[in-house]
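The file structure-v8.tsv comes next; it holds TSV, C-alpha atoms and all ligand atoms.
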chain	number	residue	atom	x	y	z
A	139	MET	CA	103.67	122.96	65.85
A	140	ILE	CA	101.00	122.28	63.23
A	141	THR	CA	98.04	124.29	62.04
A	142	VAL	CA	94.57	122.78	62.17
A	143	TYR	CA	91.27	124.48	61.48
A	144	PHE	CA	88.53	124.59	64.06
A	145	ASN	CA	85.24	125.84	62.59
A	146	SER	CA	87.38	127.33	59.77
A	147	GLN	CA	89.60	129.28	62.19
A	148	PRO	CA	93.33	128.40	62.13
A	149	LEU	CA	94.66	126.98	65.37
A	150	SER	CA	98.31	126.34	66.10
A	151	VAL	CA	98.86	123.22	68.20
A	152	PRO	CA	101.76	120.88	69.08
A	153	ALA	CA	102.27	118.08	66.54
A	154	ASP	CA	101.24	115.34	68.97
A	155	THR	CA	97.84	116.86	69.76
A	156	ASN	CA	94.85	114.54	69.75
A	157	LEU	CA	91.23	115.43	69.09
A	158	ARG	CA	90.28	115.48	72.76
A	159	ASP	CA	93.11	117.96	73.46
A	160	ILE	CA	91.81	120.24	70.72
A	161	LEU	CA	88.30	120.18	72.09
A	162	ALA	CA	89.54	120.83	75.61
A	163	LEU	CA	91.59	123.74	74.28
A	164	VAL	CA	88.77	125.44	72.42
A	165	ALA	CA	86.29	124.68	75.17
A	166	THR	CA	88.11	126.94	77.62
A	167	THR	CA	87.96	129.87	75.25
A	168	GLN	CA	84.72	129.51	73.33
A	169	GLN	CA	82.20	127.46	75.25
A	170	SER	CA	81.92	125.45	78.39
A	171	HIS	CA	83.61	122.06	78.49
A	172	GLU	CA	80.20	120.59	79.28
A	173	ALA	CA	78.77	121.64	75.94
A	174	PHE	CA	81.63	120.07	74.01
A	175	ALA	CA	81.30	116.82	75.87
A	176	ASN	CA	78.00	116.23	74.10
A	177	VAL	CA	78.46	116.84	70.42
A	178	ALA	CA	79.55	114.94	67.32
A	179	ALA	CA	83.08	115.83	66.25
A	180	VAL	CA	83.79	115.86	62.53
A	181	VAL	CA	87.27	115.80	61.03
A	182	ASN	CA	87.55	116.31	57.27
A	183	GLU	CA	83.87	115.40	56.74
A	184	CYS	CA	84.11	112.19	58.79
A	185	ILE	CA	82.59	111.75	62.23
A	186	VAL	CA	85.01	110.62	64.91
A	187	PRO	CA	83.17	108.69	67.65
A	188	LYS	CA	83.66	110.11	71.09
A	189	SER	CA	85.54	107.08	72.37
A	190	GLN	CA	88.11	107.66	69.61
A	191	TRP	CA	88.80	111.32	70.41
A	192	PRO	CA	91.90	110.60	72.56
A	193	HIS	CA	93.21	108.25	69.86
A	194	TYR	CA	92.77	110.53	66.90
A	195	GLN	CA	96.13	112.22	66.26
A	196	CYS	CA	95.57	115.57	64.58
A	197	GLN	CA	97.27	116.16	61.24
A	198	ALA	CA	98.31	119.47	59.72
A	199	SER	CA	95.40	121.18	57.92
A	200	ASP	CA	92.76	118.98	59.58
A	201	ASN	CA	89.38	120.64	59.37
A	202	ILE	CA	87.60	120.08	62.69
A	203	GLU	CA	83.95	120.92	63.33
A	204	LEU	CA	81.37	120.21	65.99
A	205	PHE	CA	77.72	119.38	65.45
A	206	ALA	CA	75.23	119.50	68.29
A	207	ALA	CA	72.27	117.16	68.05
A	208	VAL	CA	69.10	118.72	66.66
A	209	ALA	CA	66.02	117.20	68.25
A	210	GLY	CA	62.98	119.09	66.96
A	211	GLY	CA	60.38	117.52	64.76
B	31	MET	CA	54.74	85.66	44.56
B	32	THR	CA	53.15	89.06	43.98
B	33	THR	CA	50.05	89.47	41.88
B	34	SER	CA	50.05	92.19	39.26
B	35	LEU	CA	48.60	95.61	39.98
B	36	SER	CA	45.02	96.42	39.11
B	37	GLU	CA	44.57	98.73	36.15
B	38	THR	CA	43.45	101.58	38.39
B	39	ARG	CA	46.52	101.26	40.56
B	40	PHE	CA	48.77	100.96	37.53
B	41	VAL	CA	47.42	104.26	36.22
B	42	HIS	CA	47.50	105.86	39.67
B	43	TYR	CA	51.18	105.10	40.27
B	44	TYR	CA	52.19	105.20	36.60
B	45	ARG	CA	54.89	107.87	36.91
B	46	GLN	CA	56.59	105.96	39.70
B	47	ILE	CA	56.26	102.65	37.88
B	48	LEU	CA	57.98	104.25	34.87
B	49	LEU	CA	61.18	104.44	36.89
B	50	PRO	CA	63.25	101.30	36.26
B	51	GLU	CA	64.17	101.35	39.97
B	52	VAL	CA	60.49	101.05	40.86
B	53	GLY	CA	58.54	99.26	38.14
B	54	GLU	CA	55.44	97.23	38.87
B	55	SER	CA	57.20	95.03	41.39
B	56	GLY	CA	58.61	98.04	43.27
B	57	GLN	CA	55.12	99.48	43.48
B	58	GLN	CA	53.91	96.17	44.90
B	59	THR	CA	56.74	96.33	47.42
B	60	LEU	CA	55.62	99.81	48.49
B	61	LEU	CA	51.98	98.73	48.79
B	62	GLN	CA	53.04	95.83	51.01
B	63	SER	CA	55.44	97.81	53.18
B	64	HIS	CA	54.93	98.88	56.79
B	65	VAL	CA	56.16	102.17	58.22
B	66	LEU	CA	55.86	103.35	61.81
B	67	ILE	CA	56.02	107.12	62.21
B	68	VAL	CA	56.93	108.33	65.69
B	69	GLY	CA	55.74	111.91	66.08
B	70	VAL	CA	53.13	113.45	63.81
B	71	GLY	CA	54.22	117.08	63.96
B	72	GLY	CA	56.03	119.11	61.32
B	73	LEU	CA	58.18	116.30	59.97
B	74	GLY	CA	55.65	113.54	60.62
B	75	THR	CA	52.75	115.15	58.76
B	76	HIS	CA	54.84	115.84	55.65
B	77	VAL	CA	56.46	112.42	55.66
B	78	ALA	CA	53.18	110.58	56.22
B	79	GLN	CA	51.57	112.52	53.39
B	80	GLN	CA	54.40	111.77	50.96
B	81	LEU	CA	54.68	108.09	51.83
B	82	ALA	CA	50.92	107.66	51.60
B	83	ALA	CA	50.84	109.41	48.23
B	84	ALA	CA	53.59	107.08	47.00
B	85	GLY	CA	51.47	104.10	48.01
B	86	VAL	CA	53.25	102.86	51.11
B	87	GLY	CA	50.55	100.39	52.14
B	88	HIS	CA	50.63	100.41	55.92
B	89	LEU	CA	51.28	103.48	58.03
B	90	TYR	CA	51.26	103.43	61.83
B	91	LEU	CA	51.12	106.87	63.43
B	92	MET	CA	52.13	107.41	67.03
B	93	ASP	CA	51.72	110.74	68.82
B	94	ASN	CA	49.79	111.83	71.90
B	95	ASP	CA	49.59	115.52	70.98
B	96	LYS	CA	46.51	117.43	70.00
B	97	VAL	CA	46.39	119.94	67.17
B	98	GLU	CA	47.26	123.47	68.31
B	99	ARG	CA	46.91	126.70	66.42
B	100	SER	CA	50.69	127.24	66.42
B	101	ASN	CA	51.11	123.94	64.52
B	102	LEU	CA	49.25	125.13	61.44
B	103	PRO	CA	52.05	127.01	59.61
B	104	ARG	CA	54.02	123.79	59.08
B	105	GLN	CA	51.89	120.76	59.97
B	106	VAL	CA	50.19	120.49	56.64
B	107	LEU	CA	47.60	117.83	57.38
B	108	PHE	CA	45.86	120.00	59.98
B	109	ALA	CA	43.51	122.96	59.63
B	110	ALA	CA	41.87	125.38	62.09
B	111	PRO	CA	38.73	123.23	62.66
B	112	ASP	CA	40.99	120.38	63.85
B	113	ILE	CA	42.38	122.34	66.82
B	114	GLY	CA	42.01	120.35	70.02
B	115	GLN	CA	41.67	116.96	68.31
B	116	ASN	CA	44.20	114.13	68.32
B	117	LYS	CA	46.85	114.71	65.66
B	118	VAL	CA	46.96	111.03	64.69
B	119	ASP	CA	43.18	110.88	64.13
B	120	ILE	CA	43.17	113.92	61.86
B	121	ALA	CA	46.24	112.68	60.00
B	122	LYS	CA	44.59	109.31	59.46
B	123	ARG	CA	41.42	110.94	58.12
B	124	GLN	CA	43.36	113.20	55.74
B	125	ILE	CA	45.60	110.42	54.44
B	126	HIS	CA	42.69	108.09	53.89
B	127	GLN	CA	40.84	110.78	52.00
B	128	HIS	CA	43.83	111.32	49.76
B	129	ASN	CA	44.73	107.70	49.15
B	130	PRO	CA	42.31	104.96	50.27
B	131	ASP	CA	44.94	102.35	49.25
B	132	VAL	CA	46.77	103.12	52.45
B	133	HIS	CA	45.89	101.34	55.67
B	134	VAL	CA	46.50	103.83	58.48
B	135	VAL	CA	46.52	102.99	62.16
B	136	ALA	CA	46.37	105.94	64.56
B	137	TRP	CA	47.73	105.42	68.06
B	138	PRO	CA	47.35	108.52	70.26
B	139	TRP	CA	50.15	107.57	72.63
B	140	HIS	CA	53.56	108.96	73.31
B	141	PHE	CA	56.36	106.61	72.22
B	142	ASP	CA	58.19	104.77	74.96
B	143	LEU	CA	59.25	101.16	75.28
B	144	ASP	CA	56.07	100.22	77.17
B	145	SER	CA	53.57	102.00	74.95
B	146	VAL	CA	55.08	100.64	71.75
B	147	ALA	CA	54.98	97.11	73.18
B	148	ILE	CA	51.24	97.50	73.83
B	149	PHE	CA	50.73	98.92	70.35
B	150	ILE	CA	52.51	95.93	68.79
B	151	GLN	CA	50.49	93.53	70.90
B	152	GLN	CA	47.23	95.04	69.68
B	153	GLN	CA	48.13	95.16	65.99
B	154	PRO	CA	48.69	91.72	64.45
B	155	LEU	CA	49.82	93.15	61.09
B	156	LEU	CA	52.32	95.43	62.78
B	157	SER	CA	53.50	92.62	64.99
B	158	ALA	CA	54.05	90.35	61.97
B	159	ALA	CA	55.95	93.08	60.11
B	160	LEU	CA	58.09	93.68	63.18
B	161	HIS	CA	58.99	90.04	63.64
B	162	GLN	CA	59.81	89.60	59.97
B	163	GLN	CA	61.92	92.79	60.20
B	164	LYS	CA	59.79	94.29	57.45
B	165	LEU	CA	58.90	97.35	59.47
B	166	THR	CA	60.70	100.63	58.83
B	167	VAL	CA	60.64	103.14	61.67
B	168	LEU	CA	60.70	106.89	61.14
B	169	ASP	CA	61.71	109.14	63.98
B	170	CYS	CA	59.93	112.48	63.62
B	171	SER	CA	59.78	113.18	67.35
B	172	ASP	CA	60.65	116.45	69.03
B	173	ASN	CA	62.92	115.51	71.91
B	174	LEU	CA	66.15	113.68	72.55
B	175	THR	CA	64.78	111.25	75.13
B	176	THR	CA	62.28	109.85	72.63
B	177	ARG	CA	64.96	109.76	69.93
B	178	HIS	CA	67.20	107.61	72.08
B	179	SER	CA	64.40	105.28	73.04
B	180	VAL	CA	63.27	104.87	69.41
B	181	ASN	CA	66.88	104.08	68.48
B	182	LEU	CA	67.24	101.57	71.29
B	183	TRP	CA	64.00	99.84	70.31
B	184	CYS	CA	65.01	99.66	66.64
B	185	VAL	CA	68.44	98.23	67.44
B	186	GLU	CA	66.90	95.64	69.77
B	187	HIS	CA	64.42	94.52	67.10
B	188	LYS	CA	66.89	94.84	64.20
B	189	LEU	CA	64.66	97.37	62.46
B	190	VAL	CA	65.80	100.03	60.05
B	191	LEU	CA	65.43	103.54	61.46
B	192	VAL	CA	65.23	106.73	59.42
B	193	SER	CA	65.77	109.55	61.88
B	194	ALA	CA	65.22	113.21	61.00
B	195	ALA	CA	65.26	116.35	63.10
B	196	VAL	CA	64.86	120.05	62.48
B	197	SER	CA	65.29	123.16	64.55
B	198	ALA	CA	65.62	126.80	63.54
B	199	PHE	CA	67.64	126.72	60.28
B	200	CYS	CA	69.26	123.35	60.88
B	201	GLY	CA	68.20	119.85	59.87
B	202	GLN	CA	69.75	116.42	60.43
B	203	LEU	CA	68.95	113.09	58.79
B	204	LEU	CA	70.37	109.59	59.08
B	205	LEU	CA	69.53	105.97	58.35
B	206	VAL	CA	70.38	103.32	60.91
B	207	ASP	CA	70.65	99.91	59.26
B	208	LEU	CA	72.81	97.55	61.28
B	209	GLN	CA	72.32	94.71	58.79
B	210	ASN	CA	73.53	96.57	55.71
B	211	ALA	CA	75.51	99.51	57.08
B	212	GLN	CA	76.84	98.23	60.35
B	213	HIS	CA	80.03	100.31	60.08
B	214	ALA	CA	77.88	103.47	60.36
B	215	GLY	CA	76.49	102.46	63.76
B	216	CYS	CA	73.33	103.78	65.38
B	217	TYR	CA	71.96	107.10	66.62
B	218	ARG	CA	73.62	106.61	70.01
B	219	CYS	CA	77.02	106.23	68.29
B	220	LEU	CA	76.55	109.80	67.13
B	221	PHE	CA	75.00	111.65	70.05
B	222	ASN	CA	74.97	110.68	73.66
B	223	GLU	CA	71.95	110.96	75.84
B	224	HIS	CA	72.88	114.21	77.51
B	225	ALA	CA	73.54	116.20	74.38
B	226	ILE	CA	72.73	119.88	74.50
B	227	THR	CA	69.96	120.38	72.02
B	228	GLN	CA	67.48	122.83	70.74
B	229	ASP	CA	63.91	121.91	69.86
B	230	CYS	CA	61.53	123.84	67.67
B	231	GLN	CA	59.43	125.05	70.58
B	232	SER	CA	62.27	127.06	72.03
B	233	MET	CA	64.01	127.85	68.74
B	234	GLY	CA	61.34	128.60	66.18
B	235	VAL	CA	61.38	127.16	62.68
B	236	LEU	CA	60.15	127.97	59.18
B	237	GLY	CA	57.66	125.66	57.49
B	238	PRO	CA	59.73	125.18	54.32
B	239	THR	CA	62.80	124.17	56.35
B	240	VAL	CA	60.71	121.43	57.95
B	241	ALA	CA	59.33	120.41	54.55
B	242	VAL	CA	62.81	120.17	52.99
B	243	VAL	CA	64.08	117.90	55.77
B	244	ALA	CA	60.87	115.84	55.75
B	245	SER	CA	61.09	115.35	51.98
B	246	MET	CA	64.63	114.06	52.33
B	247	GLN	CA	63.45	111.72	55.07
B	248	ALA	CA	60.65	110.44	52.81
B	249	ALA	CA	63.10	110.05	49.91
B	250	LEU	CA	65.56	108.12	52.05
B	251	THR	CA	62.73	105.90	53.30
B	252	LEU	CA	61.49	105.09	49.78
B	253	LYS	CA	65.07	104.46	48.65
B	254	HIS	CA	65.48	102.03	51.52
B	255	ILE	CA	62.17	100.19	50.91
B	256	LEU	CA	62.88	99.92	47.19
B	257	ARG	CA	66.52	98.99	47.79
B	258	VAL	CA	67.75	101.75	45.51
B	259	GLY	CA	71.51	102.08	45.96
B	260	ALA	CA	73.59	101.07	48.95
B	261	ALA	CA	72.44	101.61	52.52
B	262	ASP	CA	73.16	105.22	53.45
B	263	ASP	CA	75.95	105.68	55.99
B	264	HIS	CA	76.05	109.46	56.37
B	265	LEU	CA	74.73	112.11	58.67
B	266	HIS	CA	73.02	114.54	56.31
B	267	VAL	CA	73.06	118.07	57.65
B	268	TYR	CA	70.89	120.81	56.19
B	269	ASP	CA	71.78	124.48	56.51
B	270	GLY	CA	68.71	126.63	55.95
B	271	TYR	CA	70.79	129.82	55.70
B	272	THR	CA	72.80	128.65	52.70
B	273	LEU	CA	70.08	126.23	51.48
B	274	SER	CA	72.62	123.44	51.26
B	275	TRP	CA	73.16	119.89	52.45
B	276	ARG	CA	76.36	118.33	53.70
B	277	LYS	CA	77.16	114.63	54.00
B	278	LEU	CA	79.28	113.57	56.94
B	279	LYS	CA	80.53	110.01	56.98
B	280	ARG	CA	79.37	108.12	60.06
B	281	GLN	CA	81.36	105.59	62.00
B	282	ARG	CA	80.17	103.08	64.56
B	283	ASP	CA	81.41	103.74	68.06
B	284	ARG	CA	82.78	100.43	69.28
B	285	HIS	CA	81.98	101.55	72.81
B	286	CYS	CA	78.35	102.32	71.98
B	287	PRO	CA	76.18	101.04	74.84
B	288	VAL	CA	73.27	100.46	72.43
B	289	CYS	CA	74.59	98.78	69.27
B	290	CYS	CA	77.81	97.30	70.61
B	291	THR	CA	76.36	95.17	73.37
B	292	PRO	CA	77.27	91.45	73.14
B	293	SER	CA	73.92	90.56	71.53
B	294	ASN	CA	74.34	93.14	68.80
B	295	SER	CA	78.03	93.05	68.14
B	296	PRO	CA	79.32	90.79	65.38
B	297	ILE	CA	82.77	90.99	66.93
B	298	SER	CA	83.34	88.58	69.74
B	299	HIS	CA	86.51	90.17	71.09
B	300	GLN	CA	86.66	91.38	74.65
B	301	ARG	CA	85.43	94.93	74.90
B	302	GLU	CA	86.52	97.50	77.37
B	303	ALA	CA	83.86	99.03	79.58
B	304	SER	CA	81.81	101.60	77.72
B	305	LEU	CA	82.47	105.26	78.41
C	1	ZN	ZN	75.51	102.60	68.38

Show this structure as structure tokens.
Amino acid sequence: MITVYFNSQPLSVPADTNLRDILALVATTQQSHEAFANVAAVVNECIVPKSQWPHYQCQASDNIELFAAVAGG
Amino acid sequence: MTTSLSETRFVHYYRQILLPEVGESGQQTLLQSHVLIVGVGGLGTHVAQQLAAAGVGHLYLMDNDKVERSNLPRQVLFAAPDIGQNKVDIAKRQIHQHNPDVHVVAWPWHFDLDSVAIFIQQQPLLSAALHQQKLTVLDCSDNLTTRHSVNLWCVEHKLVLVSAAVSAFCGQLLLVDLQNAQHAGCYRCLFNEHAITQDCQSMGVLGPTVAVVASMQAALTLKHILRVGAADDHLHVYDGYTLSWRKLKRQRDRHCPVCCTPSNSPISHQREASL
């Protein structure tokens, strides 16, 4: 198991967890899966494009955050 | 190539010209530049005012809204007597009053791919700037559908897009420049078209939050026009609670249906179907 941080909260996950797994995991507890399907995911200050989520292998201490689009003007 | 500035203009823009990054030639560049502003609301009014004051020579304003009383706390170009009139007409009048150097074209239409095509057709100067890729586009709109269509249009015409958004205490800003910062991708690389969003009508917003984000958008636009520094490849995120900005590194999505189509992609390898 490794510890990653999701919105600053520690999260213990298996070592082979990818970014999509993490988002699926937190989606069940915090928000609907729908909402997470439509946000920008940021790992350690870098945006990971959605198509790369299944390919991004989480590392210990990764700091993962989600940003929803803001549309107002 | 460029003639020197008149004495009046030299004095007018003196404090900008003093900057080595601007100088007399930079000021000429600004006076000859073309900027299309999509949405003349909170962000759009501030940005238009700042760019006009800086001497950006050609401003094209697109918005079909009329001034409403609830706009007045943050849409600085409008006042109570303007309520009910076209925002773009009032904005044009105010800008012209402030800086007659600036050529302003007001187009009281909502942005979509058809309306912008008509606008271009009717404006020879705008059309020329577009075809020479000398037009910078600013997205100051208030909904995601427009944002995606502005992005699509800019990518198709290889135009630089400076996109800003604000809602409640949150602001976002990015520059899309596929010639100079291709690795950062476009707006669609970042957010897909069904993103859950909040707009200022449902969320509320403070005037100064809008002004902060708009000033950054204007600064990024001037930096781009003057070629100060490298092309920006971040998503800038403003937090109005902590009064702080964060820079998140952007990355092009190689499955992006907008900027990674065969006509836009520099990479000729076989791509998998987009998600
Ligand atoms: Zn893209």

Considering only C-alpha atoms and all ligand atoms, give me a table of residues in chain A that are at most 12 Å from ligand ZN 1 (chain C), with the closest atom pair and distance in Å for each, as a Markdown table.
| residue | atom | partner | partner_atom | distance |
| --- | --- | --- | --- | --- |
| A:Pro187 | CA | C:ZN1 | ZN | 9.8 |
| A:Lys188 | CA | C:ZN1 | ZN | 11.4 |
| A:Ser189 | CA | C:ZN1 | ZN | 11.7 |

Residue nearest chain B among A:Leu163, A:Val180, A:Trp191, A:Ala198 (counting only C-alpha atoms): A:Val180

Which residues are near stretch 143-160 of chain A? Cut-off 12 Å, all atoms listed in the file, ignore same chain within fewer than 5 positions. Put them as a CSV table (one decimal) with C-alpha atoms, keeping the file's coordinate frame.
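Result written to result-v6.csv:
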chain,number,residue,atom,x,y,z
A,165,ALA,CA,86.3,124.7,75.2
A,166,THR,CA,88.1,126.9,77.6
A,167,THR,CA,88.0,129.9,75.2
A,168,GLN,CA,84.7,129.5,73.3
A,171,HIS,CA,83.6,122.1,78.5
A,174,PHE,CA,81.6,120.1,74.0
A,175,ALA,CA,81.3,116.8,75.9
A,178,ALA,CA,79.6,114.9,67.3
A,179,ALA,CA,83.1,115.8,66.2
A,180,VAL,CA,83.8,115.9,62.5
A,181,VAL,CA,87.3,115.8,61.0
A,182,ASN,CA,87.6,116.3,57.3
A,185,ILE,CA,82.6,111.8,62.2
A,186,VAL,CA,85.0,110.6,64.9
A,187,PRO,CA,83.2,108.7,67.6
A,188,LYS,CA,83.7,110.1,71.1
A,189,SER,CA,85.5,107.1,72.4
A,190,GLN,CA,88.1,107.7,69.6
A,191,TRP,CA,88.8,111.3,70.4
A,192,PRO,CA,91.9,110.6,72.6
A,193,HIS,CA,93.2,108.2,69.9
A,194,TYR,CA,92.8,110.5,66.9
A,195,GLN,CA,96.1,112.2,66.3
A,196,CYS,CA,95.6,115.6,64.6
A,197,GLN,CA,97.3,116.2,61.2
A,198,ALA,CA,98.3,119.5,59.7
A,199,SER,CA,95.4,121.2,57.9
A,200,ASP,CA,92.8,119.0,59.6
A,201,ASN,CA,89.4,120.6,59.4
A,202,ILE,CA,87.6,120.1,62.7
A,203,GLU,CA,84.0,120.9,63.3
A,204,LEU,CA,81.4,120.2,66.0
A,205,PHE,CA,77.7,119.4,65.4

With a distance cut-off of 8 Å and all atoms listed in the file, select the neighbouring residues of B:Ala198, excluding the residue or stretch itself and same-chain residues fewer than 3 positions from it, and output the selection as a JSON list (two decimals) with C-alpha atoms, keeping the file's coordinate frame.
[["chain", "number", "residue", "atom", "x", "y", "z"],
["B", 230, "CYS", "CA", 61.53, 123.84, 67.67],
["B", 233, "MET", "CA", 64.01, 127.85, 68.74],
["B", 234, "GLY", "CA", 61.34, 128.60, 66.18],
["B", 235, "VAL", "CA", 61.38, 127.16, 62.68],
["B", 236, "LEU", "CA", 60.15, 127.97, 59.18]]

Residues within 10 Å of B:Leu89, all atoms listed in the file, excluding chain neighbours under 6 positions, as a ChimeraX atom specification: /B:63-67,78,81-82,122,125,132-136,156,165-166

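The residues of chain A lying at most 6 Å from chain B, with all atoms listed in the file taken into account, are A:Asn176, A:Ala178, A:Glu183, A:Cys184, A:Ile185, A:Pro187, A:Ala207, A:Val208, A:Ala209, A:Gly210, A:Gly211.
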
d(atom CA of B:Tyr90, atom CA of B:Phe149) in Å: 9.7 Å

Atom-to-atom span, atom CA of B:Asn210 and atom CA of B:Leu252, Å: 15.9 Å

Distance of atom CA of B:His76 from atom CA of B:Gln124, expressed in Å to one decimal place: 11.8 Å

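Proximity of B:Ser145, B:Ala211, B:Ser179, B:Gln162 to B:Ala260, computed with all atoms listed in the file, is greatest for B:Ala211.
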